[in-house]
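See structure below.
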Protein chains: 2
Amino acid sequence: MAKRVFNFNAGPATLPVPVLERARDEMLDWAGTGMSVMEVSHRGKEYDAMHHEAMSLVKELMGWTDEYKVLWLQGGASMQFLMVPQNLAVPGKPMEYVNTGAWSKKAIKEAKLFGDVKVVASSEDKNFTFVPKDVSFSEGSAFAHMTGNNTIYGSEWHYYPKVPSDVPLVVDMSSNLMDKVIEAKRFALLYAGVQKNLGPAGVTLAVIRQDLLTRVPEKAPTMLKYITHSAEDSLYNTPPCWAIYICKLVLDYMKEKGGVAYFERVNREKAKVLYDAIDSSGGFYKGHITDKDSRSLMNVTFRLPTEDLEKQIIDEAKKAGLVGLKGHRSVGGMRASIYNAVPMEGVKKLVELMKDFQAKHQ
Amino acid sequence: MAKRVFNFNAGPATLPVPVLERARDEMLDWAGTGMSVMEVSHRGKEYDAMHHEAMSLVKELMGWTDEYKVLWLQGGASMQFLMVPQNLAVPGKPMEYVNTGAWSKKAIKEAKLFGDVKVVASSEDKNFTFVPKDVSFSEGSAFAHMTGNNTIYGSEWHYYPKVPSDVPLVVDMSSNLMDKVIEAKRFALLYAGVQKNLGPAGVTLAVIRQDLLTRVPEKAPTMLKYITHSAEDSLYNTPPCWAIYICKLVLDYMKEKGGVAYFERVNREKAKVLYDAIDSSGGFYKGHITDKDSRSLMNVTFRLPTEDLEKQIIDEAKKAGLVGLKGHRSVGGMRASIYNAVPMEGVKKLVELMKDFQAKHQ
């Protein structure tokens with residue numbers, strides 16, 4: 001029996017145990033091929049069926065229609081920071097971004113290489129402790145870009161602002177993909193490094209409304225055009241087969257459990273348990289996100305009275321089998337990432353440890 | 001006991017069984033972490049150590065000095081087709097390419113987006129049945145580019161032509177990486193999708209001479225600059241951890257077996273057995289590569305007298321547990337890819353089947 005820990009890593013992150021067990025069990029002989037899924041041809045019928053089923057499951061679980069294409073890409077969200085403006089910039093039209101932290105800033109930096117960028121809202125002057133209210137995008141802008149969840153600061157959009165009807169809404173959902181039910185048709189392009197809620201590092205999911213595929217300049221490099229990948233169902237070149245396979249297993253697992261609605265319910269319960277523990281600590285634990293409506297369901301960030309105590313609780317948690325709790329260096333303190341695959345049991349153990357620790361050290 | 005086949009796929013391709021077994025056995029608890037290697041933080045000490053050891057092993061096995069940097073990238077060779085000219089083009093200097101097949105052509109197409117391309121040699125007019133002799137690159141060109149092995153046609157460079165001392169030699173070694181000992185310092189930049197000889201699809205190996213890192217225009221997108229990845233030891237953003245882990249296991253396995261020299265010896269033996277069978281068949285089997293000095297050690301391409309017979313032998317082979325033998329549509333016939341991890345036993349079984357088939361059908 002393998003020793004397992006409760007894994008609060010911010011990403012790569014914990015995966016469902018049944019997914020790992022299945023990947024283990026079919027490592028030497030996948031789908032009756034007598035080969036690992038890493039060894040089969042990506043042009044063969046077994047791989048092809050799995051690859052397409054995974055795409056269908058993304059649509060089914062998130063409610064997308066045939067107006068959209070699901071793409072498996074590479075390079076993480078960081079590559080999307082350049083592919084988005086490369087594909088969607090329009091000469092003479094501003095690209096509008098909301099700045100809610102480090103990832104938004106990187107996206108903005110890349111977009112500036114491709115044209116005029118307008119930051120329409122930002123929480124930077126308040127150290128990203130909230131997501132802006134009353135955001136308004138301009139008619140006639142090339143597109144509107146938002147970061148769905150800020151992994152580092154622990155903020156999340158719970159309601160996406162309205163965009164003018166001619167403006168495509170583009171959202172980086174790397175750390176809140178499928179954490180809750182969304183109104184799929186409001187998004188024109190969604191992208192996510194999958195290594196939080198959907199799979200291992202090494203594949204990027206993008207879902208794009210098909211009318212946007214032809215906007216890219218003809219002279220853009222082949223691999224950077226969404227239409228290259230769309231036209232070949234993400235088989236233009238060899239895809240990251242293993243990473244897509246793990247996504248497929250996670251998607252199967254999610255569907256079996258009851259889909260995104262099920263995970264949303266559990267995620268809200270887990271987040272409540274943890275935020276309640278913070279809020280009822282009389283200030284011993286202090287959340288980084290000061291606006292409660294901006295709190296992330298996925299990344300719960302908080303501080304203790306001193307850095308010494310922070311170091312101590314993180315060490316004690318690790319000894320108790322709760323790992324990955326150190327906050328990002330730019331925020332400090334603790335961060336508990338409670339993605340879809342983190343069980344309530346782990347969250348309860350963490351809260352118990354937090355209460356014991358406070359009793360001993362207050 | 002898992003049923004296993006002999007896998008002659010062109011890529012993704014067979015992996016060493018001990019590598020798969022180890023990956024299976026540590027799926028739920030890797031390196032004592034209580035997590036899969038897919039679930040640990042890429043900033044954690046366990047992952048970091050493995051990631052760097054894999055880079056050191058590449059240098060050790062291929063003989064590279066500290067003048068070079070090993071990079072783990074994403075997007076396959078297809079992404080390198082654009083990254084090479086993006087990083088190494090110099091205004092006013094031609095980029096010189098040799099055209100030995102489909103992959104060279106794709107590389108040439110992308111390079112043209114970045115400047116003036118000169119094709120200095122080509123075997124296209126003879127359907128890529130050889131690699132050109134007496135290739136000569138010009139002094140003062142930006143770089144010289146070659147495809148080390150053509151997976152589709154089955155040709156390979158056994159001796160790389162000399163380049164002027166001021167011209168960096170860039171080679172796509174996707175399908176002949178580590179198939180034989182090379183003189184490492186002759187190459188300025190080598191890249192390879194690893195899914196033939198080194199690992200699963202989803203990571204690209206690049207090895208670059210450090211003086212080339214600063215040539216890239218400042219305004220190039222962050223993720224497309226080699227220096228971005230070099231400066232952070234390929235941890236600028238989340239790397240494809242699983243794929244790098246499998247490469248590390250393959251590198252360990254290769255080192256234990258005796259390094260690249262061992263695999264070169266076995267590869268030459270395997271190729272000889274198969275090419276001898278073709279050459280001694282009295283014309284029943286006919287190699288696509290007419291120049292014997294250009295024959296690939298990795299991809300052995302040949303035809304039978306009729307397409308019916310080709311279909312029949314591929315079916316019979318499959319029934320006998322020899323899979324992946326169908327030639328690429330642009331060449332037809334059969335292709336046996338006999339990468340490092342394909343055992344001599346499989347090659348001998350294939351030759352036996354070929355002899356039996358010929359006796360029945362001639």
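Chains: A, B, ... in order of the structure tokens. Residues: from 1 per chain. Ligands: from 1, in order shown.
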>> Please list as a ChimeraX atom specification every residue within 9 Å of Gln86 of chain A, counting only C-alpha atoms and excluding residues in the same chain fewer than 6 positions away.
In response: /A:111,113-114,216-217,220,224-225
Saved selection, atoms kept: C-alpha atoms, as a PDB file, in the first residue's frame:
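Okay, again.pdb is ready:
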ATOM      1  CA  ALA A 111       0.025  41.502 -25.611  1.00  0.00           C
ATOM      2  CA  LEU A 113       4.223  43.089 -28.429  1.00  0.00           C
ATOM      3  CA  PHE A 114       1.211  42.791 -30.720  1.00  0.00           C
ATOM      4  CA  VAL A 216      -5.191  35.387 -37.242  1.00  0.00           C
ATOM      5  CA  PRO A 217      -2.820  37.069 -39.746  1.00  0.00           C
ATOM      6  CA  ALA A 220       1.771  34.134 -38.247  1.00  0.00           C
ATOM      7  CA  LEU A 224       1.005  29.668 -33.078  1.00  0.00           C
ATOM      8  CA  LYS A 225      -2.258  29.752 -35.024  1.00  0.00           C
TER       9      LYS A 225
END
>> I need the residues of segment 210-335 of chain B that end up classed as helix (DSSP H, G or I) by DSSP on the backbone, written out as an MDAnalysis selection string.
In response: chainID B and resid 210:215 222:224 226:231 241:257 259:279 292:294 307:319
Counting only C-alpha atoms, which residues in chain A sit no more than 7 Å from chain B? For each one, give the nearest pair of atoms and the distance in Å, sorted by chain then residue number, as JSON lines.
{"residue": "A:Ala2", "atom": "CA", "partner": "B:Asp29", "partner_atom": "CA", "distance": 5.9}
{"residue": "A:Lys3", "atom": "CA", "partner": "B:Gly34", "partner_atom": "CA", "distance": 5.2}
{"residue": "A:Arg4", "atom": "CA", "partner": "B:Gly34", "partner_atom": "CA", "distance": 4.1}
{"residue": "A:Val5", "atom": "CA", "partner": "B:Gly34", "partner_atom": "CA", "distance": 5.2}
{"residue": "A:Asn9", "atom": "CA", "partner": "B:Ser41", "partner_atom": "CA", "distance": 6.3}
{"residue": "A:Gly11", "atom": "CA", "partner": "B:Ser41", "partner_atom": "CA", "distance": 6.3}
{"residue": "A:Pro12", "atom": "CA", "partner": "B:Glu39", "partner_atom": "CA", "distance": 5.2}
{"residue": "A:Ala13", "atom": "CA", "partner": "B:Glu39", "partner_atom": "CA", "distance": 4.7}
{"residue": "A:Thr14", "atom": "CA", "partner": "B:Glu39", "partner_atom": "CA", "distance": 5.0}
{"residue": "A:Leu15", "atom": "CA", "partner": "B:Glu39", "partner_atom": "CA", "distance": 6.7}
{"residue": "A:Leu20", "atom": "CA", "partner": "B:Met27", "partner_atom": "CA", "distance": 6.6}
{"residue": "A:Arg24", "atom": "CA", "partner": "B:Arg24", "partner_atom": "CA", "distance": 4.8}
{"residue": "A:Met27", "atom": "CA", "partner": "B:Arg24", "partner_atom": "CA", "distance": 6.0}
{"residue": "A:Leu28", "atom": "CA", "partner": "B:Ala2", "partner_atom": "CA", "distance": 6.1}
{"residue": "A:Asp29", "atom": "CA", "partner": "B:Ala2", "partner_atom": "CA", "distance": 5.9}
{"residue": "A:Gly34", "atom": "CA", "partner": "B:Arg4", "partner_atom": "CA", "distance": 4.1}
{"residue": "A:Met35", "atom": "CA", "partner": "B:Arg4", "partner_atom": "CA", "distance": 6.1}
{"residue": "A:Met38", "atom": "CA", "partner": "B:Pro200", "partner_atom": "CA", "distance": 5.4}
{"residue": "A:Glu39", "atom": "CA", "partner": "B:Ala13", "partner_atom": "CA", "distance": 4.7}
{"residue": "A:Val40", "atom": "CA", "partner": "B:Pro12", "partner_atom": "CA", "distance": 6.1}
{"residue": "A:Ser41", "atom": "CA", "partner": "B:Pro12", "partner_atom": "CA", "distance": 5.6}
{"residue": "A:Gln74", "atom": "CA", "partner": "B:Gly75", "partner_atom": "CA", "distance": 5.6}
{"residue": "A:Gly75", "atom": "CA", "partner": "B:Gln74", "partner_atom": "CA", "distance": 5.5}
{"residue": "A:Ser78", "atom": "CA", "partner": "B:Met223", "partner_atom": "CA", "distance": 6.9}
{"residue": "A:Met79", "atom": "CA", "partner": "B:Met223", "partner_atom": "CA", "distance": 6.1}
{"residue": "A:Leu82", "atom": "CA", "partner": "B:Pro221", "partner_atom": "CA", "distance": 6.7}
{"residue": "A:Glu110", "atom": "CA", "partner": "B:Pro221", "partner_atom": "CA", "distance": 6.4}
{"residue": "A:Leu113", "atom": "CA", "partner": "B:Lys219", "partner_atom": "CA", "distance": 6.9}
{"residue": "A:Pro200", "atom": "CA", "partner": "B:Met38", "partner_atom": "CA", "distance": 5.4}
{"residue": "A:Ala201", "atom": "CA", "partner": "B:Pro240", "partner_atom": "CA", "distance": 5.0}
{"residue": "A:Gly202", "atom": "CA", "partner": "B:Pro240", "partner_atom": "CA", "distance": 4.1}
{"residue": "A:Lys219", "atom": "CA", "partner": "B:Leu113", "partner_atom": "CA", "distance": 6.9}
{"residue": "A:Pro221", "atom": "CA", "partner": "B:Glu110", "partner_atom": "CA", "distance": 6.4}
{"residue": "A:Met223", "atom": "CA", "partner": "B:Met79", "partner_atom": "CA", "distance": 6.1}
{"residue": "A:Thr238", "atom": "CA", "partner": "B:Ala201", "partner_atom": "CA", "distance": 6.7}
{"residue": "A:Pro239", "atom": "CA", "partner": "B:Ala201", "partner_atom": "CA", "distance": 6.6}
{"residue": "A:Pro240", "atom": "CA", "partner": "B:Gly202", "partner_atom": "CA", "distance": 4.1}
{"residue": "A:Cys241", "atom": "CA", "partner": "B:Ala201", "partner_atom": "CA", "distance": 6.2}
>> Set the distance at 10 Å and use only C-alpha atoms: which residues neighbour segment 298-306 of chain B once local chain neighbours fewer than 3 positions away are removed? I'd like the list as an MDAnalysis selection string.
In response: chainID B and resid 8:10 149:156 175:177 179 196:197 267:268 270:271 274:275 278 283:289 295 309:313 325:328 331:340 342 358 361:362
>> Can you tell me, as number ranges by chain, which residues in segment 47-270 of chain B count as strand (DSSP E or B) by DSSP?
In response: B: 68-73, 95-99, 117-122, 143-147, 149-150, 155-156, 169-172, 189-193, 204-209
Filtering to C-alpha atoms, could you give me those residues as a PDB file, in the first residue's frame?
ATOM      1  CA  TYR B  68      26.183  24.225 -23.754  1.00  0.00           C
ATOM      2  CA  LYS B  69      22.790  24.429 -22.060  1.00  0.00           C
ATOM      3  CA  VAL B  70      20.239  21.612 -22.047  1.00  0.00           C
ATOM      4  CA  LEU B  71      16.639  22.810 -22.340  1.00  0.00           C
ATOM      5  CA  TRP B  72      13.315  21.050 -21.835  1.00  0.00           C
ATOM      6  CA  LEU B  73      10.781  22.750 -24.103  1.00  0.00           C
ATOM      7  CA  MET B  95      19.611  31.050 -43.354  1.00  0.00           C
ATOM      8  CA  GLU B  96      20.826  27.928 -45.123  1.00  0.00           C
ATOM      9  CA  TYR B  97      18.823  24.684 -45.135  1.00  0.00           C
ATOM     10  CA  VAL B  98      19.280  21.228 -46.592  1.00  0.00           C
ATOM     11  CA  ASN B  99      16.036  19.632 -47.784  1.00  0.00           C
ATOM     12  CA  VAL B 117      16.298  31.277 -46.770  1.00  0.00           C
ATOM     13  CA  LYS B 118      18.701  29.506 -49.113  1.00  0.00           C
ATOM     14  CA  VAL B 119      18.253  25.784 -49.767  1.00  0.00           C
ATOM     15  CA  VAL B 120      21.831  24.686 -50.404  1.00  0.00           C
ATOM     16  CA  ALA B 121      21.089  21.047 -51.233  1.00  0.00           C
ATOM     17  CA  SER B 122      18.020  18.866 -51.742  1.00  0.00           C
ATOM     18  CA  PHE B 143      23.083  29.329 -39.542  1.00  0.00           C
ATOM     19  CA  ALA B 144      23.061  25.973 -41.295  1.00  0.00           C
ATOM     20  CA  HIS B 145      20.076  23.682 -40.730  1.00  0.00           C
ATOM     21  CA  MET B 146      19.765  19.942 -41.354  1.00  0.00           C
ATOM     22  CA  THR B 147      17.310  17.173 -40.507  1.00  0.00           C
ATOM     23  CA  ASN B 149      17.146  11.582 -39.924  1.00  0.00           C
ATOM     24  CA  ASN B 150      14.085  11.548 -42.116  1.00  0.00           C
ATOM     25  CA  SER B 155      17.278   8.423 -44.678  1.00  0.00           C
ATOM     26  CA  GLU B 156      19.936   9.523 -42.187  1.00  0.00           C
ATOM     27  CA  LEU B 169      25.170  24.071 -37.272  1.00  0.00           C
ATOM     28  CA  VAL B 170      21.570  23.390 -36.230  1.00  0.00           C
ATOM     29  CA  VAL B 171      20.236  19.842 -36.447  1.00  0.00           C
ATOM     30  CA  ASP B 172      16.770  18.391 -35.898  1.00  0.00           C
ATOM     31  CA  LEU B 189      21.984  23.777 -31.568  1.00  0.00           C
ATOM     32  CA  LEU B 190      20.377  20.387 -31.570  1.00  0.00           C
ATOM     33  CA  TYR B 191      16.677  19.770 -30.974  1.00  0.00           C
ATOM     34  CA  ALA B 192      14.435  16.750 -30.833  1.00  0.00           C
ATOM     35  CA  GLY B 193      10.901  15.837 -29.995  1.00  0.00           C
ATOM     36  CA  THR B 204      11.281  18.694 -26.661  1.00  0.00           C
ATOM     37  CA  LEU B 205      14.969  18.480 -25.902  1.00  0.00           C
ATOM     38  CA  ALA B 206      17.181  21.317 -27.098  1.00  0.00           C
ATOM     39  CA  VAL B 207      20.905  21.675 -26.499  1.00  0.00           C
ATOM     40  CA  ILE B 208      22.293  25.090 -27.361  1.00  0.00           C
ATOM     41  CA  ARG B 209      25.748  26.623 -27.344  1.00  0.00           C
TER      42      ARG B 209
END
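The coordinates place atom CA of His52 of chain B at 8.0 Å from atom CA of Asp233 of chain B.
Residues within 7 Å of Ala184 of chain A, counting only C-alpha atoms and excluding same-chain residues fewer than 4 positions away, are Met62, Gly63 and Trp64 of chain A.
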>> Using only C-alpha atoms for the distances, tell me which of A:Val19, A:Glu139, A:His51, A:Arg265 is nearest to Leu235 of chain A.
In response: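 Going through A:Val19, A:Glu139, A:His51, A:Arg265 one by one, the smallest distance to Leu235 of chain A is for A:His51.
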